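Notes to accompany the following structure.
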Amino acid sequence: MSNIVYEMPYSHQYDLSTPLLYVTKSMYENDWHSLNHSHHFTELLYITRGKGSVFILDKEITVRAKDLIIINSYVEHTEKSSIDDPLEYIALGIQGVFFSLSTDQDTPIPYYRYKDTDGEYLFYLKKLVEEVQNQKKNYAVIAQSLLDILLIKVLRRNTLKVEKTENQKLSKDIAEIKKYIENSFREEINLDSLARMSHINKYYLAHSFKSIIGISPIEYLISIRIKESKMLLKTTSYPISDISTIAGFSSQSFFSQSFRRMTNMTPSAYRKSKANS
């Protein structure tokens, strides 16, 4: 595998709206062994030659020359090349942004694909690669500007929108999601609904919540529901089926499974132990 990586210096002299972390040129050779991986940043892949597949989550996406693939942060993916028509691509790592569909629902997506039919995207990518290869004066600034132009060209289609994920704002957003779960745990909540409410990509949200809080949003939701059910088991004579519903569980069987997993006791055994204490 031929893989040339150009890491980008960061200068506080410039306000880079979408910091470019690196530029990579990759070409399939016999030693290409790509494994499932993810990044804490968004990645853009542009297929310059050949054909193959990009595996994103559980989906295989067939790719060929002039395909531009945008993969949001914390989304597992890998690449596989055709042997007869080897894959070549340019990859860009972009810090602090994620993409979502420009619809009324602001739908988060793990990836998106564009077809560069007229080669316009490739023009800017070639200029960008040329700058980082030659590294003339202020090349990083020019490369950053070329990236900004490329993104604007992509966003002109009005299919996607791009949003920042600054650390300070992200911590505040995660705190608000945590508070929402604590106040609304009886309601139907899942990762998709949390993503819609917060306008954060659901894969980025799940990783960031776990990084900041220590467990995933859904595990935190279940822990709050278990805490409520324990209080009801100790202080009321409600049937376990009613307690399951009051605490927000979709079924009594799921409630019992979750309760036992978190306490090593069944709800009935827990109630009995508290009655005897």
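Convention: chains lettered A, B, ... in structure tokens order; per-chain residue numbering from 1; ligands numbered from 1 as shown.
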As an MDAnalysis selection string, please: the residues near segment 84-89 of chain A (cut-off 8 Å, only C-alpha atoms, same-chain neighbours under 2 positions excluded).
chainID A and resid 25:29 45:52 64 81:82 91
Writer output for current selection, all heavy atoms, as a short mmCIF file (atom, residue, chain, number, x, y, z; two decimals), in the first residue's frame:
data_model
loop_
_atom_site.label_atom_id
_atom_site.label_comp_id
_atom_site.auth_asym_id
_atom_site.auth_seq_id
_atom_site.Cartn_x
_atom_site.Cartn_y
_atom_site.Cartn_z
N LYS A 25 -2.63 10.70 0.46
CA LYS A 25 -2.81 10.08 -0.85
C LYS A 25 -2.55 8.59 -0.68
O LYS A 25 -1.47 8.20 -0.23
CB LYS A 25 -1.84 10.68 -1.86
CG LYS A 25 -2.16 12.10 -2.25
CD LYS A 25 -1.20 12.60 -3.34
CE LYS A 25 -1.42 11.87 -4.64
NZ LYS A 25 -0.55 12.39 -5.73
N SER A 26 -3.52 7.77 -1.00
CA SER A 26 -3.38 6.32 -0.81
C SER A 26 -3.61 5.59 -2.14
O SER A 26 -4.47 5.98 -2.93
CB SER A 26 -4.38 5.81 0.23
OG SER A 26 -4.10 6.38 1.50
N MET A 27 -2.86 4.51 -2.33
CA MET A 27 -2.99 3.70 -3.52
C MET A 27 -2.92 2.23 -3.12
O MET A 27 -2.05 1.84 -2.33
CB MET A 27 -1.87 4.03 -4.52
CG MET A 27 -1.91 3.20 -5.80
SD MET A 27 -0.65 3.73 -7.00
CE MET A 27 0.85 3.33 -6.10
N TYR A 28 -3.82 1.42 -3.65
CA TYR A 28 -3.85 0.00 -3.32
C TYR A 28 -2.62 -0.71 -3.85
O TYR A 28 -2.23 -0.57 -5.01
CB TYR A 28 -5.10 -0.66 -3.92
CG TYR A 28 -5.11 -2.17 -3.76
CD1 TYR A 28 -5.53 -2.74 -2.56
CD2 TYR A 28 -4.69 -3.00 -4.79
CE1 TYR A 28 -5.52 -4.12 -2.40
CE2 TYR A 28 -4.68 -4.38 -4.63
CZ TYR A 28 -5.10 -4.93 -3.43
OH TYR A 28 -5.09 -6.29 -3.28
N GLU A 29 -2.00 -1.49 -2.96
CA GLU A 29 -0.93 -2.42 -3.33
C GLU A 29 -1.17 -3.71 -2.55
O GLU A 29 -2.08 -3.79 -1.73
CB GLU A 29 0.45 -1.81 -3.03
CG GLU A 29 0.77 -0.63 -3.93
CD GLU A 29 2.10 0.03 -3.62
OE1 GLU A 29 2.70 -0.32 -2.58
OE2 GLU A 29 2.52 0.91 -4.38
N LEU A 45 -13.21 11.33 1.74
CA LEU A 45 -12.48 10.45 0.82
C LEU A 45 -12.90 10.78 -0.60
O LEU A 45 -14.09 10.78 -0.92
CB LEU A 45 -12.81 8.97 1.10
CG LEU A 45 -12.45 8.38 2.45
CD1 LEU A 45 -12.90 6.94 2.52
CD2 LEU A 45 -10.95 8.47 2.69
N TYR A 46 -11.93 11.04 -1.46
CA TYR A 46 -12.22 11.27 -2.88
C TYR A 46 -11.50 10.21 -3.68
O TYR A 46 -10.28 10.08 -3.63
CB TYR A 46 -11.76 12.66 -3.31
CG TYR A 46 -12.19 13.00 -4.73
CD1 TYR A 46 -13.34 13.76 -4.96
CD2 TYR A 46 -11.46 12.55 -5.82
CE1 TYR A 46 -13.75 14.05 -6.25
CE2 TYR A 46 -11.86 12.83 -7.13
CZ TYR A 46 -13.00 13.59 -7.33
OH TYR A 46 -13.42 13.88 -8.62
N ILE A 47 -12.28 9.41 -4.44
CA ILE A 47 -11.71 8.33 -5.24
C ILE A 47 -11.16 8.93 -6.54
O ILE A 47 -11.93 9.46 -7.36
CB ILE A 47 -12.76 7.25 -5.55
CG1 ILE A 47 -13.50 6.82 -4.28
CG2 ILE A 47 -12.10 6.06 -6.25
CD1 ILE A 47 -12.63 6.30 -3.18
N THR A 48 -9.86 8.87 -6.71
CA THR A 48 -9.23 9.45 -7.90
C THR A 48 -9.10 8.45 -9.04
O THR A 48 -9.03 8.84 -10.22
CB THR A 48 -7.83 10.00 -7.56
OG1 THR A 48 -7.05 8.96 -6.95
CG2 THR A 48 -7.94 11.18 -6.61
N ARG A 49 -9.04 7.16 -8.69
CA ARG A 49 -8.87 6.13 -9.72
C ARG A 49 -9.29 4.79 -9.16
O ARG A 49 -9.24 4.56 -7.95
CB ARG A 49 -7.42 6.07 -10.18
CG ARG A 49 -7.16 5.10 -11.31
CD ARG A 49 -5.70 5.14 -11.73
NE ARG A 49 -5.30 6.46 -12.22
CZ ARG A 49 -4.06 6.78 -12.60
NH1 ARG A 49 -3.09 5.87 -12.49
NH2 ARG A 49 -3.78 7.97 -13.06
N GLY A 50 -9.72 3.88 -10.06
CA GLY A 50 -10.04 2.51 -9.64
C GLY A 50 -11.44 2.38 -9.09
O GLY A 50 -12.28 3.29 -9.19
N LYS A 51 -11.67 1.24 -8.46
CA LYS A 51 -12.97 0.98 -7.84
C LYS A 51 -12.80 0.03 -6.67
O LYS A 51 -11.78 -0.66 -6.54
CB LYS A 51 -13.96 0.41 -8.86
CG LYS A 51 -13.53 -0.89 -9.52
CD LYS A 51 -14.53 -1.29 -10.60
CE LYS A 51 -14.08 -2.59 -11.29
NZ LYS A 51 -15.03 -2.99 -12.36
N GLY A 52 -13.80 -0.01 -5.83
CA GLY A 52 -13.76 -0.85 -4.64
C GLY A 52 -14.98 -0.62 -3.79
O GLY A 52 -16.05 -0.26 -4.31
N ARG A 64 -16.16 4.30 -6.97
CA ARG A 64 -15.30 4.35 -8.16
C ARG A 64 -14.82 5.78 -8.35
O ARG A 64 -15.17 6.66 -7.54
CB ARG A 64 -16.05 3.84 -9.39
CG ARG A 64 -17.31 4.58 -9.72
CD ARG A 64 -18.03 3.95 -10.92
NE ARG A 64 -18.50 2.61 -10.64
CZ ARG A 64 -18.03 1.53 -11.26
NH1 ARG A 64 -17.09 1.64 -12.19
NH2 ARG A 64 -18.50 0.34 -10.97
N SER A 81 -10.28 -2.60 -1.89
CA SER A 81 -10.03 -2.28 -3.29
C SER A 81 -10.33 -3.46 -4.20
O SER A 81 -10.17 -4.62 -3.81
CB SER A 81 -8.57 -1.86 -3.48
OG SER A 81 -8.28 -1.65 -4.84
N SER A 82 -10.73 -3.15 -5.41
CA SER A 82 -10.78 -4.15 -6.47
C SER A 82 -9.34 -4.53 -6.83
O SER A 82 -8.47 -3.66 -6.91
CB SER A 82 -11.51 -3.59 -7.69
OG SER A 82 -11.24 -4.37 -8.83
N ALA A 91 -7.54 11.56 0.94
CA ALA A 91 -8.32 11.66 2.18
C ALA A 91 -7.94 12.93 2.93
O ALA A 91 -6.76 13.28 3.01
CB ALA A 91 -8.09 10.43 3.06
#
Please provide the set of residues having any atom within 10 Å of Phe41 of chain A, restricted to only C-alpha atoms, with same-chain residues fewer than 5 positions apart removed, written as an MDAnalysis selection string.
chainID A and resid 20:21 71:75 92:98 165 204
How would the residues just chosen look if you wrote them out with all heavy atoms as a short mmCIF file (atom, residue, chain, number, x, y, z; two decimals), in the first residue's frame?
data_model
loop_
_atom_site.label_atom_id
_atom_site.label_comp_id
_atom_site.auth_asym_id
_atom_site.auth_seq_id
_atom_site.Cartn_x
_atom_site.Cartn_y
_atom_site.Cartn_z
N LEU A 20 -7.96 21.84 9.02
CA LEU A 20 -7.51 20.70 8.23
C LEU A 20 -6.40 20.00 9.00
O LEU A 20 -5.35 20.58 9.24
CB LEU A 20 -7.02 21.18 6.87
CG LEU A 20 -6.46 20.14 5.90
CD1 LEU A 20 -7.50 19.09 5.55
CD2 LEU A 20 -5.95 20.84 4.64
N LEU A 21 -6.62 18.75 9.39
CA LEU A 21 -5.65 18.01 10.19
C LEU A 21 -4.58 17.35 9.34
O LEU A 21 -3.41 17.32 9.71
CB LEU A 21 -6.36 16.95 11.03
CG LEU A 21 -7.36 17.44 12.06
CD1 LEU A 21 -7.96 16.26 12.81
CD2 LEU A 21 -6.72 18.41 13.03
N ILE A 71 -17.47 11.03 5.76
CA ILE A 71 -17.71 10.12 6.88
C ILE A 71 -17.61 10.92 8.18
O ILE A 71 -16.55 11.46 8.50
CB ILE A 71 -16.71 8.96 6.89
CG1 ILE A 71 -16.73 8.23 5.54
CG2 ILE A 71 -17.02 7.99 8.03
CD1 ILE A 71 -15.65 7.17 5.39
N ASN A 72 -18.70 10.99 8.91
CA ASN A 72 -18.72 11.76 10.15
C ASN A 72 -17.85 11.12 11.23
O ASN A 72 -17.51 9.93 11.16
CB ASN A 72 -20.15 11.93 10.66
CG ASN A 72 -20.82 13.17 10.10
OD1 ASN A 72 -20.21 14.23 10.01
ND2 ASN A 72 -22.08 13.05 9.71
N SER A 73 -17.50 11.89 12.23
CA SER A 73 -16.63 11.43 13.31
C SER A 73 -17.26 10.27 14.08
O SER A 73 -18.49 10.18 14.20
CB SER A 73 -16.32 12.58 14.28
OG SER A 73 -17.52 13.21 14.68
N TYR A 74 -16.40 9.37 14.58
CA TYR A 74 -16.78 8.22 15.41
C TYR A 74 -17.68 7.22 14.67
O TYR A 74 -18.42 6.48 15.30
CB TYR A 74 -17.44 8.68 16.71
CG TYR A 74 -16.54 9.56 17.53
CD1 TYR A 74 -16.83 10.91 17.71
CD2 TYR A 74 -15.38 9.07 18.09
CE1 TYR A 74 -15.98 11.73 18.44
CE2 TYR A 74 -14.54 9.88 18.83
CZ TYR A 74 -14.85 11.20 19.00
OH TYR A 74 -14.01 12.01 19.72
N VAL A 75 -17.60 7.20 13.35
CA VAL A 75 -18.34 6.22 12.55
C VAL A 75 -17.34 5.18 12.04
O VAL A 75 -16.39 5.53 11.33
CB VAL A 75 -19.07 6.88 11.36
CG1 VAL A 75 -19.69 5.83 10.46
CG2 VAL A 75 -20.14 7.84 11.88
N LEU A 92 -8.94 13.59 3.47
CA LEU A 92 -8.74 14.78 4.28
C LEU A 92 -9.33 14.54 5.67
O LEU A 92 -10.44 14.02 5.79
CB LEU A 92 -9.43 16.01 3.67
CG LEU A 92 -9.16 16.34 2.20
CD1 LEU A 92 -9.95 17.59 1.82
CD2 LEU A 92 -7.68 16.52 1.94
N GLY A 93 -8.60 14.91 6.71
CA GLY A 93 -9.13 14.88 8.08
C GLY A 93 -9.49 16.29 8.51
O GLY A 93 -8.67 17.21 8.43
N ILE A 94 -10.75 16.49 8.96
CA ILE A 94 -11.26 17.82 9.31
C ILE A 94 -11.72 17.82 10.75
O ILE A 94 -12.59 17.02 11.14
CB ILE A 94 -12.42 18.24 8.39
CG1 ILE A 94 -12.01 18.08 6.92
CG2 ILE A 94 -12.84 19.66 8.66
CD1 ILE A 94 -13.15 18.32 5.96
N GLN A 95 -11.20 18.70 11.54
CA GLN A 95 -11.48 18.74 12.98
C GLN A 95 -12.69 19.60 13.31
O GLN A 95 -12.89 20.66 12.73
CB GLN A 95 -10.26 19.33 13.71
CG GLN A 95 -10.44 19.48 15.21
CD GLN A 95 -10.44 18.14 15.91
OE1 GLN A 95 -9.58 17.31 15.67
NE2 GLN A 95 -11.41 17.92 16.77
N GLY A 96 -13.53 19.11 14.25
CA GLY A 96 -14.52 19.96 14.88
C GLY A 96 -15.78 20.24 14.10
O GLY A 96 -16.47 21.22 14.38
N VAL A 97 -16.13 19.42 13.10
CA VAL A 97 -17.37 19.61 12.35
C VAL A 97 -18.05 18.28 12.13
O VAL A 97 -17.42 17.22 12.19
CB VAL A 97 -17.13 20.28 10.97
CG1 VAL A 97 -16.55 21.67 11.12
CG2 VAL A 97 -16.24 19.41 10.09
N PHE A 98 -19.37 18.31 11.91
CA PHE A 98 -20.08 17.13 11.42
C PHE A 98 -21.14 17.59 10.44
O PHE A 98 -21.54 18.75 10.42
CB PHE A 98 -20.69 16.30 12.55
CG PHE A 98 -21.88 16.93 13.21
CD1 PHE A 98 -23.17 16.70 12.74
CD2 PHE A 98 -21.72 17.75 14.32
CE1 PHE A 98 -24.27 17.28 13.35
CE2 PHE A 98 -22.82 18.33 14.93
CZ PHE A 98 -24.09 18.09 14.45
N THR A 165 -18.48 21.51 16.22
CA THR A 165 -18.60 20.76 17.48
C THR A 165 -17.49 21.21 18.40
O THR A 165 -16.59 20.45 18.73
CB THR A 165 -18.51 19.25 17.21
OG1 THR A 165 -17.29 18.99 16.50
CG2 THR A 165 -19.67 18.76 16.39
N TYR A 204 -21.59 10.92 17.04
CA TYR A 204 -20.74 11.84 17.79
C TYR A 204 -21.31 12.05 19.19
O TYR A 204 -20.57 12.11 20.18
CB TYR A 204 -20.66 13.18 17.04
CG TYR A 204 -19.59 14.10 17.56
CD1 TYR A 204 -18.29 14.01 17.08
CD2 TYR A 204 -19.87 15.05 18.52
CE1 TYR A 204 -17.30 14.85 17.56
CE2 TYR A 204 -18.89 15.89 19.01
CZ TYR A 204 -17.61 15.79 18.51
OH TYR A 204 -16.64 16.63 18.99
#
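Here atom CA of Leu146 of chain A is placed at a distance of 11.2 Å from atom CA of Leu122 of chain A.
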Who sits within 10 Å of Val154 of chain A, only C-alpha atoms, same chain under 4 positions skipped, as a PyMOL selection string:
chain A and resi 68+114+116+120-121+148-150+158-161
Can you spit out the residues from that selection as a PDB file, in the first residue's frame, using C-alpha atoms?
ATOM      1  CA  LEU A  68     -16.620  11.925  -2.790  1.00  0.00           C
ATOM      2  CA  TYR A 114     -21.478  12.874  -3.887  1.00  0.00           C
ATOM      3  CA  ASP A 116     -18.141  14.771  -8.918  1.00  0.00           C
ATOM      4  CA  GLU A 120     -14.830  20.410  -9.913  1.00  0.00           C
ATOM      5  CA  TYR A 121     -14.074  18.898  -6.492  1.00  0.00           C
ATOM      6  CA  ASP A 148     -13.186  25.945   2.730  1.00  0.00           C
ATOM      7  CA  ILE A 149     -13.932  26.513  -0.957  1.00  0.00           C
ATOM      8  CA  LEU A 150     -14.393  22.766  -1.490  1.00  0.00           C
ATOM      9  CA  ASN A 158     -28.358  22.334  -0.408  1.00  0.00           C
ATOM     10  CA  THR A 159     -28.378  18.637   0.498  1.00  0.00           C
ATOM     11  CA  LEU A 160     -26.120  18.899   3.517  1.00  0.00           C
ATOM     12  CA  LYS A 161     -25.270  21.402   6.191  1.00  0.00           C
TER      13      LYS A 161
END
Tell me which of A:Asp67, A:Lys210, A:Tyr22, A:Thr235 sits closest to Leu128 of chain A, counting only C-alpha atoms.
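Checking each of A:Asp67, A:Lys210, A:Tyr22, A:Thr235 against Leu128 of chain A, counting only C-alpha atoms, the winner is A:Tyr22.
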Would you mind writing down, as number ranges by chain, each residue of segment 39-230 of chain A that DSSP on the backbone assigns to helix (DSSP H, G or I)?
A: 120-134, 139-155, 167-184, 191-198, 202-213, 217-230
Taking the DSSP assignment computed from this structure's backbone, write out as a ChimeraX atom specification all residues of segment 15-239 of chain A that belong to strand (DSSP E).
/A:20-27,42-49,51-56,59-64,67-71,77-81,88-94,97-101,111-115,160-164
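The shortest atom-to-atom distance to Ile90 of chain A, with only C-alpha atoms taken into account, belongs to A:Thr24 out of A:Thr24, A:Asn36, A:Ser193, A:Gln252.
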One decimal, in Å: what's the spacing between atom CA of Ser229 of chain A and atom CA of Ser216 of chain A?
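Spanning atom CA of Ser229 of chain A to atom CA of Ser216 of chain A is a straight-line distance of 20.0 Å.
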Identify, on the basis of only C-alpha atoms, every residue whose closest approach to Ser223 of chain A does not exceed 8 Å; exclude the query and any residue fewer than 4 positions from it along the same chain; express the result as a VMD selection string.
chain A and resid 219 227 262
Next, dump the selected residues to file, keeping only N, CA and C atoms, as a PDB file, in the first residue's frame.
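Output file out18.pdb follows:
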ATOM      1  N   GLU A 219     -27.484   3.837  28.421  1.00  0.00           N
ATOM      2  CA  GLU A 219     -27.163   3.235  29.719  1.00  0.00           C
ATOM      3  C   GLU A 219     -27.493   4.198  30.858  1.00  0.00           C
ATOM      4  N   LYS A 227     -33.110   3.448  39.117  1.00  0.00           N
ATOM      5  CA  LYS A 227     -33.121   4.193  40.378  1.00  0.00           C
ATOM      6  C   LYS A 227     -34.545   4.524  40.803  1.00  0.00           C
ATOM      7  N   MET A 262     -28.163  -4.754  36.440  1.00  0.00           N
ATOM      8  CA  MET A 262     -27.571  -3.642  37.186  1.00  0.00           C
ATOM      9  C   MET A 262     -27.490  -3.894  38.690  1.00  0.00           C
TER      10      MET A 262
END
Compile the contact shell of Thr266 of chain A as a list in words: residues with an atom at most 10 Å away, counting only C-alpha atoms, same-chain residues fewer than 6 positions apart removed.
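Residues meeting the cut-off are Phe255, Ser256, Gln257, Ser258, Phe259, Arg260 and Lys272 of chain A.
Here atom CA of Thr263 of chain A stands at a distance of 18.4 Å from atom CA of Gly214 of chain A.
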